[in-house]
Amino acid sequence: MAPRALAITSAGLVTALVAIPLVAVFDRAGGIATLNAADWAALRFTVWQAFLSALLSCAFAIPAARALHRQRFWGRETLITILGAPFILPVIVAILGLLAVFGREGMLSQALMFIGLPRIHIYGLHGILLAHVFFNLPLAIRLILQGWQDVPAERFRLVAQLGLGPAAMFRVVEWPVLKKTVPGAFLVVFVVCLSSFAVALTLGGGPKATTVELAIYQAFRFDFDIGKAATLAVLQLGFVGIAAAVLMRLVGAPKTDVGLGREQVFLRRMTPMRKLLDLLVIVVVASFLLLPILSIVAAGVFELPSLPSSVFQSAKHSLIVALASTALCLLFALPLATFKLGQTISLFGFALSPLVLGTGLFLLIQPYANPFELALVVTCVTNALMALPFAVRAIGPAFAQINADYGRTADMLNLTGWARWRWLYLPRLRRPIGFSAGLAAALSMGDLGVIVLFADPDRATLPLQMYRLMSAYQMEAASGAALLLLMLSLGLFWIFDQGGRRGFRA
Amino acid sequence: MKASLFAAGIIAATTAVAHAETLTVYAPDYFTSEWGPGPTIEAEFEKVCNCDLDFVPGDLLPRIMLEGKNTRADIVIGLNTDVTAKARSTGLFADHGQDNGKLELPIEWTDSVFLPFDWAYVSFIFDTTKISSPPTSFEALRAMSVDQKIVIQDPRSSISGLALILWVKAVYGDKAEAFWADLAPRILTVTKGWSEAYGLFTDGEAPMVLSYNTSPAYHIAFEDDLTKKAAIFDEGHYSFFELVAKTSTTDNPELADQFMAFVLSDAFQNAIPMTNFSYPSAQPESEWPQVFADLPVPEKALFFSEEEAAAVRAEAIEEWRRALSQ
């Protein structure tokens with residue numbers, strides 16, 4: 001069957017794009033390296049903080065997603081889009097934004113001191129967790145919310161008709177949704193936090209918060225011990241593999257969940273108390289996520305008009321790369337979303353340290369072409385790989401649900417191959433595809449990834465240009481560039497995400 | 001037919017490029033950006049060389065190591081003394097061929113391969129509106145109120161962070177770890193690179209940051225801001241040099257030599273202070289821009305040769321890590 005061939009091709013390509021560069025690095029290094037005590041300590045700390053970050057992100061995301069799902073209020077759709085902003089921020093911008101709120105001289109400390117309390121000390125493990133929840137809560141909320149939206153409307157009608165109380169409602173509707181979405185969300189957040197470096201170090205307050213990615217960076221940049229960099233990267237991949245194996249077992253096979261794809265309506269009135277609680281959750285989560293974003297806006301808004309033209313030029317390059325890598329990401333993601341192992345395979349590109357991936361690609365390309373001339377192409381491919389796990393995670397459960405709902409009907413109609421995609425999957429996958437495309441585009445806008453080895457002399461990307469402004473002491477102009485980056489990323493995300501929602505109600 | 005015409009076109013174009021003299025210069029990103037010295041230097045050199053100077057931005061050492069003998073670089077600019085041992089051991093660099101006597105540095109320069117093009121003293125920069133009596137020595141820094149926080153860079157990921165570790169090692173020797181243990185409560189946090197740390201400082205999160213004594217020149221010259229100053233320490237300051245070298249694999253040695261000589265000329269040196277915010281390496285103080293000449297300087301320059309730096313580096317980083325991990 002053609003779709004199966006496509007799935008195998010896509011899985012093979014993604015695996016090759018990760019494995020071959022890795023082999024190239026080991027080949028060059030002459031084998032694996034031995035690790036010292038500090039490296040093992042870094043590994044332990046990395047896994048521990050990633051585990052806690054994922055746990056907390058999911059714990060907060062569940063009530064937030066539930067509240068956002070069942071409450072309807074003015075600006076809800078826009079709020080859901082904007083809540084995604086932290087996830088797509090470039091690291092350095094996010095750090096400065098977070099500290100403007102939670103730092104020693106931040107808004108919160110100022111407020112506390114105003115009422116005579118001591119300021120908060122954010123630097124430490126709690127600071128890392130705060131930052132990682134800030135980055136990943138939006139993603140976890142969206143993935144869980146997506147699961148809720150995929151529940152057939154009939155089920156809610158049935159619940160209302162039968163007059164089920166909260167406990168029964170939880171058992172019949174909510175638990176299956178959580179079981180289907182939370183392990184995946186946990187896994188993705190865990191993997192994101194495994195590769196944390198600048199955030200963990202800065203918010204962690206120093207070398208106590210040394211992560212594997214820092215050790216990789218040090219081995220690569222200072223010691224030029226690429227064997228060690230690659231060995232650490234493989235261990236990192238190993239943890240991702242273990243976590244994926246454990247969590248994917250939890251997800252289990254999707255239950256038959258039949259519905260007609262109607263729009264969900266809420267027939268049962270909620271008690272005012274429950275409504276109030278939901279709104280409280282929404283306000284707390286929104287303030288936590290949006291205050292740092294607002295401080296970034298405030299810092300950059302007056303700089304926007306005076307930004308040098310080269311910044312806008314670089315924004316154009318970033319946009320082109322973002323759109324191309326979005327298309328590529330979806331091409332990989334759709335076939336991978338059709339089978340369970342695809343979820344795990346999609347993680348590899350993200351889980352491999354960009355430095356090691358970049359080094360491998362550099363080694364592979366260098367004998368045949370000038371790597372610098374291929375800089376934007378390489379950036380585009382690696383950015384597509386980076387966004388892949390999020391896309392597959394968003395599309396996968398929806399795909400399984402469609403098969404559960406309509407699979408047998410489609411089989412009976414002998415609807416196969418492209419026709420099945422055209423008439424069955426694609427129209428019903430609009431929403432997760434739109435969301436994935438938005439995420440891929442936005443992530444690509446903000447990414448610096450492999451640029452250290454593949455910087456195109458004539459075509460800088462926007463994040464690179466922002467770093468250049470910072471290195472030239474132009475911190476204010478850099479905040480303007482950061483805001484431009486934020487606006488473009490969020491704009492791209494919004495366009496794709498909205499595009500996915502429109503016409504969903506077929 | 002069309003395809004072969006196209007191929008012929010490509011071959012013709014490639015040959016044309018090969019005939020034009022191109023000097024490929026690998027440089028750090030900040031150097032080649034429109035706000036760095038790159039554009040001025042390119043324009044000035046192209047005036048005299050009858051060639052095309054081509055800057056290639058990015059991480060220098062990893063790229064050179066990966067490329068080895070196949071490197072496209074004729075010149076590598078922007079390395080620094082704390083990593084040159086590694087660079088030298090590749091054998092990819094040739095003698096610079098310039099007279100070290102032309103250099104105007106706080107120490108005597110004897111290296112025949114790596115040539116400094118600028119320098120500065122590693123320093124703590126403080127905000128005068130928040131710190132009225134700045135520390136005047138490491139001992140004073142160590143005894144400073146724990147409420148006066150400092151942001152530094154990680155020596156494992158940042159070159160200025162590494163310079164600080166070596167500075168402390170040069171001052172304290174065996175007692176460096178005890179110094180770090182005492183300083184630890186005053187260190188607000190440690191960042192990956194210089195930009196994060198300096199951003200925290202200008203955002204007001206910390207009143208003191210590790211940078212260079214020449215940093216205030218930017219704020220004075222471009223922002224009329226006199227509130228950023230370097231704390232000058234009695235023990236002396238570690239000096240930080242940025243270096244340029246010619247590759248031994250260059251297919252254009254004459255042009256590369258011409259560039260190395262150009263580095264010491266006024267056309268190059270004049271471009272450095274106001275774009276790279278550091279001292280030019282081959283001009284006496286009398287020729288510096290006034291704002292640089294007015295900057296406070298330490299009485300003593302401290303410096304580890306590349307062998308010394310390579311010998312103490314691992315130990316110094318480990319002491320720092322242990323003391324700050326308590």
# chains A, B, ... in the order shown; residues from 1 in each chain; ligands from 1
call {"tool": "select_by_dssp", "arguments": {"residues": "range 51-298 of chain B", "states": "helix (DSSP H, G or I)", "output": "PyMOL selection string"}}
result
chain B and resi 60-70+84-89+100-102+138-143+159-186+194-202+215-223+253-263+266-269+272-276+285-287+290-293
call {"tool": "interface_residues", "arguments": {"of": "chain B", "to": "chain A", "cutoff": "6 Å", "atoms": "only C-alpha atoms", "output": "CSV table (one decimal) with N, CA and C atoms, in the first residue's frame"}}
result
chain,number,residue,atom,x,y,z
B,30,TYR,N,30.6,38.6,15.5
B,30,TYR,CA,30.5,40.0,15.8
B,30,TYR,C,31.5,40.9,15.0
B,56,VAL,N,34.2,35.3,6.2
B,56,VAL,CA,33.3,34.2,6.4
B,56,VAL,C,33.1,34.1,7.9
B,57,PRO,N,31.9,34.4,8.4
B,57,PRO,CA,31.7,34.5,9.8
B,57,PRO,C,31.4,33.1,10.5
B,58,GLY,N,31.7,33.0,11.8
B,58,GLY,CA,31.3,31.8,12.5
B,58,GLY,C,32.4,31.4,13.5
B,59,ASP,N,32.2,30.3,14.1
B,59,ASP,CA,33.1,29.8,15.2
B,59,ASP,C,34.4,29.4,14.6
B,62,PRO,N,36.5,25.4,16.1
B,62,PRO,CA,35.9,24.1,15.6
B,62,PRO,C,35.9,24.0,14.1
B,156,ARG,N,33.5,27.6,31.0
B,156,ARG,CA,33.4,26.4,30.1
B,156,ARG,C,32.7,26.7,28.8
B,157,SER,N,32.1,27.8,28.7
B,157,SER,CA,31.4,28.1,27.4
B,157,SER,C,31.7,29.5,26.9
B,189,THR,N,24.4,35.1,39.2
B,189,THR,CA,24.3,34.0,38.4
B,189,THR,C,25.5,33.9,37.4
B,190,VAL,N,25.5,32.8,36.6
B,190,VAL,CA,26.6,32.6,35.7
B,190,VAL,C,25.9,32.4,34.3
B,191,THR,N,26.4,33.1,33.3
B,191,THR,CA,25.7,32.9,32.0
B,191,THR,C,26.5,32.2,31.0
B,192,LYS,N,25.9,31.7,29.9
B,192,LYS,CA,26.6,31.0,28.8
B,192,LYS,C,27.6,31.9,28.1
B,195,SER,N,26.9,38.1,26.0
B,195,SER,CA,25.7,38.9,25.7
B,195,SER,C,24.7,38.8,26.8
B,205,GLU,N,19.3,44.1,36.3
B,205,GLU,CA,19.2,42.9,37.2
B,205,GLU,C,20.4,42.8,38.2
B,321,ARG,N,34.4,25.5,39.7
B,321,ARG,CA,33.2,24.7,39.7
B,321,ARG,C,32.8,24.1,41.1
B,325,SER,N,29.7,25.2,43.4
B,325,SER,CA,28.6,24.2,43.5
B,325,SER,C,28.3,23.9,44.9
call {"tool": "closest_residue", "arguments": {"among": "A:Thr338, A:Gln343, A:Gln149, A:Thr379", "to": "Ala245 in chain A", "atoms": "only C-alpha atoms"}}
result
A:Gln343
call {"tool": "residues_around", "arguments": {"residues": "range 246-250 of chain B", "least_positions_apart": "3", "cutoff": "8 Å", "atoms": "only C-alpha atoms", "output": "list of chain:residue names"}}
result
B:Lys69, B:Asn70, B:Thr71, B:Arg72, B:Ala73, B:Asp74, B:Ile75, B:Val76, B:Gly91, B:Leu92, B:Phe93, B:Ala94, B:Asp95, B:His96, B:Val113, B:Pro253, B:Ala256, B:Asp257, B:Met260
call {"tool": "write_last_selection", "arguments": {"atoms": "N, CA and C atoms", "output": "PDB file, in the first residue's frame"}}
result
ATOM      1  N   LYS B  69      43.496  20.485   6.674  1.00  0.00           N
ATOM      2  CA  LYS B  69      44.293  21.013   5.562  1.00  0.00           C
ATOM      3  C   LYS B  69      43.431  21.517   4.396  1.00  0.00           C
ATOM      4  N   ASN B  70      42.159  21.123   4.387  1.00  0.00           N
ATOM      5  CA  ASN B  70      41.281  21.568   3.299  1.00  0.00           C
ATOM      6  C   ASN B  70      40.665  22.936   3.546  1.00  0.00           C
ATOM      7  N   THR B  71      41.096  23.593   4.601  1.00  0.00           N
ATOM      8  CA  THR B  71      40.430  24.851   4.939  1.00  0.00           C
ATOM      9  C   THR B  71      40.511  25.852   3.794  1.00  0.00           C
ATOM     10  N   ARG B  72      39.425  26.611   3.653  1.00  0.00           N
ATOM     11  CA  ARG B  72      39.388  27.645   2.616  1.00  0.00           C
ATOM     12  C   ARG B  72      40.004  28.951   3.112  1.00  0.00           C
ATOM     13  N   ALA B  73      40.291  28.998   4.408  1.00  0.00           N
ATOM     14  CA  ALA B  73      40.768  30.246   4.988  1.00  0.00           C
ATOM     15  C   ALA B  73      42.200  30.556   4.558  1.00  0.00           C
ATOM     16  N   ASP B  74      42.443  31.837   4.218  1.00  0.00           N
ATOM     17  CA  ASP B  74      43.808  32.316   4.045  1.00  0.00           C
ATOM     18  C   ASP B  74      44.272  32.958   5.342  1.00  0.00           C
ATOM     19  N   ILE B  75      43.302  33.589   6.009  1.00  0.00           N
ATOM     20  CA  ILE B  75      43.571  34.303   7.259  1.00  0.00           C
ATOM     21  C   ILE B  75      42.499  33.904   8.261  1.00  0.00           C
ATOM     22  N   VAL B  76      42.908  33.771   9.531  1.00  0.00           N
ATOM     23  CA  VAL B  76      41.927  33.585  10.598  1.00  0.00           C
ATOM     24  C   VAL B  76      42.119  34.730  11.577  1.00  0.00           C
ATOM     25  N   GLY B  91      49.240  22.745  13.369  1.00  0.00           N
ATOM     26  CA  GLY B  91      50.224  23.013  12.331  1.00  0.00           C
ATOM     27  C   GLY B  91      49.629  23.709  11.121  1.00  0.00           C
ATOM     28  N   LEU B  92      48.415  24.236  11.280  1.00  0.00           N
ATOM     29  CA  LEU B  92      47.744  24.868  10.135  1.00  0.00           C
ATOM     30  C   LEU B  92      48.104  26.340   9.989  1.00  0.00           C
ATOM     31  N   PHE B  93      48.911  26.851  10.939  1.00  0.00           N
ATOM     32  CA  PHE B  93      49.201  28.276  10.879  1.00  0.00           C
ATOM     33  C   PHE B  93      50.682  28.530  10.603  1.00  0.00           C
ATOM     34  N   ALA B  94      50.930  29.556   9.802  1.00  0.00           N
ATOM     35  CA  ALA B  94      52.301  29.893   9.402  1.00  0.00           C
ATOM     36  C   ALA B  94      52.780  31.119  10.178  1.00  0.00           C
ATOM     37  N   ASP B  95      54.062  31.400  10.141  1.00  0.00           N
ATOM     38  CA  ASP B  95      54.604  32.596  10.794  1.00  0.00           C
ATOM     39  C   ASP B  95      53.947  33.857  10.238  1.00  0.00           C
ATOM     40  N   HIS B  96      53.723  34.828  11.164  1.00  0.00           N
ATOM     41  CA  HIS B  96      53.048  36.048  10.696  1.00  0.00           C
ATOM     42  C   HIS B  96      53.988  36.980   9.939  1.00  0.00           C
ATOM     43  N   VAL B 113      53.694  33.442  15.417  1.00  0.00           N
ATOM     44  CA  VAL B 113      52.588  32.925  14.598  1.00  0.00           C
ATOM     45  C   VAL B 113      51.328  33.772  14.763  1.00  0.00           C
ATOM     46  N   PRO B 253      49.811  33.216  -0.612  1.00  0.00           N
ATOM     47  CA  PRO B 253      50.625  33.687   0.520  1.00  0.00           C
ATOM     48  C   PRO B 253      51.012  35.168   0.445  1.00  0.00           C
ATOM     49  N   ALA B 256      48.085  37.162   1.582  1.00  0.00           N
ATOM     50  CA  ALA B 256      47.920  36.950   3.024  1.00  0.00           C
ATOM     51  C   ALA B 256      48.958  37.764   3.793  1.00  0.00           C
ATOM     52  N   ASP B 257      50.207  37.770   3.306  1.00  0.00           N
ATOM     53  CA  ASP B 257      51.252  38.573   3.955  1.00  0.00           C
ATOM     54  C   ASP B 257      50.913  40.050   3.923  1.00  0.00           C
ATOM     55  N   MET B 260      48.504  40.703   6.634  1.00  0.00           N
ATOM     56  CA  MET B 260      49.126  40.705   7.959  1.00  0.00           C
ATOM     57  C   MET B 260      49.834  42.034   8.219  1.00  0.00           C
TER      58      MET B 260
END
call {"tool": "closest_residue", "arguments": {"among": "A:Ser309, A:Thr34, A:Gln71, A:Thr15", "to": "Leu276 in chain A", "atoms": "only C-alpha atoms"}}
result
A:Gln71
call {"tool": "closest_residue", "arguments": {"among": "A:Leu361, A:Ile144, A:Leu291, A:Ile128", "to": "Leu66 in chain B", "atoms": "only C-alpha atoms"}}
result
A:Leu361
call {"tool": "closest_residue", "arguments": {"among": "B:Tyr279, B:Trp288, B:Trp167, B:Phe138", "to": "Leu183 in chain B", "atoms": "only C-alpha atoms"}}
result
B:Phe138
call {"tool": "residues_around", "arguments": {"residues": "range 499-501 of chain A", "least_positions_apart": "4", "cutoff": "6 Å", "atoms": "only C-alpha atoms", "output": "number ranges by chain"}}
result
A: 430-431, 434, 495
call {"tool": "residues_around", "arguments": {"residues": "range 5-12 of chain A", "least_positions_apart": "4", "cutoff": "12 Å", "atoms": "only C-alpha atoms", "output": "ChimeraX atom specification"}}
result
/A:1,16-20,328-349,385,388,392,417-418
call {"tool": "residues_around", "arguments": {"residues": "range 116-130 of chain B", "least_positions_apart": "5", "cutoff": "6 Å", "atoms": "only C-alpha atoms", "output": "list in words"}}
result
Pro207, Met208, Val209, Leu210, Ser211, Tyr212, Asn213, Thr227, Lys228, Lys229, Ala230, Ala231, His237, Tyr238, Ser239, Phe240, Phe241, Glu242, Leu243, Ser278, Tyr279, Pro280 and Ser281 of chain B
call {"tool": "write_last_selection", "arguments": {"atoms": "N, CA and C atoms", "output": "short mmCIF file (atom, residue, chain, number, x, y, z; two decimals), in the first residue's frame"}}
result
data_model
loop_
_atom_site.label_atom_id
_atom_site.label_comp_id
_atom_site.auth_asym_id
_atom_site.auth_seq_id
_atom_site.Cartn_x
_atom_site.Cartn_y
_atom_site.Cartn_z
N PRO B 207 24.10 44.94 39.47
CA PRO B 207 24.81 46.23 39.36
C PRO B 207 26.26 46.07 38.89
N MET B 208 26.72 44.82 38.71
CA MET B 208 28.12 44.64 38.30
C MET B 208 28.24 43.42 37.40
N VAL B 209 29.08 43.53 36.38
CA VAL B 209 29.19 42.44 35.41
C VAL B 209 30.64 42.27 34.97
N LEU B 210 30.99 41.08 34.62
CA LEU B 210 32.32 40.83 34.07
C LEU B 210 32.34 41.21 32.60
N SER B 211 33.29 42.13 32.26
CA SER B 211 33.42 42.54 30.86
C SER B 211 34.85 43.02 30.65
N TYR B 212 35.01 44.11 29.92
CA TYR B 212 36.35 44.64 29.67
C TYR B 212 36.42 46.09 30.12
N ASN B 213 37.61 46.57 30.45
CA ASN B 213 37.71 47.95 30.92
C ASN B 213 37.35 48.95 29.84
N THR B 227 27.53 56.50 33.54
CA THR B 227 27.27 55.74 34.76
C THR B 227 27.84 54.33 34.75
N LYS B 228 28.47 53.93 33.63
CA LYS B 228 29.06 52.60 33.58
C LYS B 228 30.58 52.75 33.67
N LYS B 229 31.16 52.16 34.72
CA LYS B 229 32.61 52.33 34.92
C LYS B 229 33.27 50.99 35.23
N ALA B 230 34.56 50.92 34.93
CA ALA B 230 35.32 49.72 35.27
C ALA B 230 35.89 49.87 36.68
N ALA B 231 35.76 48.82 37.49
CA ALA B 231 36.41 48.81 38.81
C ALA B 231 37.86 48.40 38.58
N HIS B 237 45.25 43.63 36.28
CA HIS B 237 44.18 43.01 35.49
C HIS B 237 44.73 42.06 34.45
N TYR B 238 43.96 41.01 34.20
CA TYR B 238 44.33 40.08 33.15
C TYR B 238 44.16 40.77 31.80
N SER B 239 45.12 40.63 30.92
CA SER B 239 44.95 41.28 29.62
C SER B 239 44.49 40.27 28.58
N PHE B 240 43.64 40.76 27.72
CA PHE B 240 42.94 39.93 26.77
C PHE B 240 43.31 40.40 25.36
N PHE B 241 43.89 39.51 24.58
CA PHE B 241 44.32 39.89 23.23
C PHE B 241 43.52 39.13 22.19
N GLU B 242 43.16 39.81 21.13
CA GLU B 242 42.56 39.12 19.99
C GLU B 242 43.61 39.04 18.90
N LEU B 243 43.65 37.86 18.24
CA LEU B 243 44.79 37.57 17.38
C LEU B 243 44.39 37.27 15.95
N SER B 278 37.78 48.17 21.89
CA SER B 278 39.00 47.66 22.51
C SER B 278 40.14 48.55 22.02
N TYR B 279 41.32 48.37 22.64
CA TYR B 279 42.47 49.18 22.24
C TYR B 279 43.10 48.61 20.98
N PRO B 280 43.55 49.48 20.07
CA PRO B 280 44.30 48.98 18.91
C PRO B 280 45.65 48.46 19.38
N SER B 281 46.20 47.47 18.67
CA SER B 281 47.40 46.80 19.19
C SER B 281 48.71 47.48 18.79
#
call {"tool": "residues_around", "arguments": {"residues": "Ala185 in chain A", "least_positions_apart": "6", "cutoff": "8 Å", "atoms": "only C-alpha atoms", "output": "list in words"}}
result
Cys58, Leu139, Ala140, Leu143, Ile144 and Arg393 of chain A
call {"tool": "write_last_selection", "arguments": {"atoms": "N, CA and C atoms", "output": "PDB file, in the first residue's frame"}}
result
ATOM      1  N   CYS A  58       3.038  19.386  32.888  1.00  0.00           N
ATOM      2  CA  CYS A  58       1.803  18.628  32.651  1.00  0.00           C
ATOM      3  C   CYS A  58       0.808  18.846  33.782  1.00  0.00           C
ATOM      4  N   LEU A 139       2.882  24.563  25.303  1.00  0.00           N
ATOM      5  CA  LEU A 139       2.864  23.393  24.423  1.00  0.00           C
ATOM      6  C   LEU A 139       2.013  22.292  25.040  1.00  0.00           C
ATOM      7  N   ALA A 140       2.236  22.036  26.339  1.00  0.00           N
ATOM      8  CA  ALA A 140       1.472  20.986  27.018  1.00  0.00           C
ATOM      9  C   ALA A 140      -0.016  21.314  26.997  1.00  0.00           C
ATOM     10  N   LEU A 143      -1.382  20.606  23.469  1.00  0.00           N
ATOM     11  CA  LEU A 143      -1.477  19.187  23.129  1.00  0.00           C
ATOM     12  C   LEU A 143      -2.652  18.533  23.863  1.00  0.00           C
ATOM     13  N   ILE A 144      -2.860  18.918  25.125  1.00  0.00           N
ATOM     14  CA  ILE A 144      -3.948  18.323  25.894  1.00  0.00           C
ATOM     15  C   ILE A 144      -5.295  18.880  25.414  1.00  0.00           C
ATOM     16  N   ARG A 393       3.331  14.681  17.225  1.00  0.00           N
ATOM     17  CA  ARG A 393       2.554  14.553  18.459  1.00  0.00           C
ATOM     18  C   ARG A 393       1.161  15.180  18.320  1.00  0.00           C
TER      19      ARG A 393
END
call {"tool": "closest_residue", "arguments": {"among": "B:Lys47, B:Lys86, B:Lys175, B:Arg63", "to": "Glu306 in chain B", "atoms": "only C-alpha atoms"}}
result
B:Lys86
call {"tool": "select_by_dssp", "arguments": {"residues": "range 173-215 of chain B", "states": "strand (DSSP E or B)", "output": "PyMOL selection string"}}
result
chain B and resi 187-191+208-212
call {"tool": "write_last_selection", "arguments": {"atoms": "C-alpha atoms", "output": "PDB file, in the first residue's frame"}}
result
ATOM      1  CA  ILE B 187      27.643  35.949  42.279  1.00  0.00           C
ATOM      2  CA  LEU B 188      24.029  36.394  41.229  1.00  0.00           C
ATOM      3  CA  THR B 189      24.331  33.970  38.363  1.00  0.00           C
ATOM      4  CA  VAL B 190      26.593  32.606  35.654  1.00  0.00           C
ATOM      5  CA  THR B 191      25.688  32.922  31.978  1.00  0.00           C
ATOM      6  CA  MET B 208      28.119  44.638  38.302  1.00  0.00           C
ATOM      7  CA  VAL B 209      29.189  42.443  35.408  1.00  0.00           C
ATOM      8  CA  LEU B 210      32.319  40.828  34.073  1.00  0.00           C
ATOM      9  CA  SER B 211      33.419  42.537  30.858  1.00  0.00           C
ATOM     10  CA  TYR B 212      36.353  44.643  29.675  1.00  0.00           C
TER      11      TYR B 212
END
call {"tool": "closest_residue", "arguments": {"among": "B:Phe233, B:Phe55, B:Glu223, B:Ile152", "to": "Phe201 in chain B", "atoms": "only C-alpha atoms"}}
result
B:Ile152
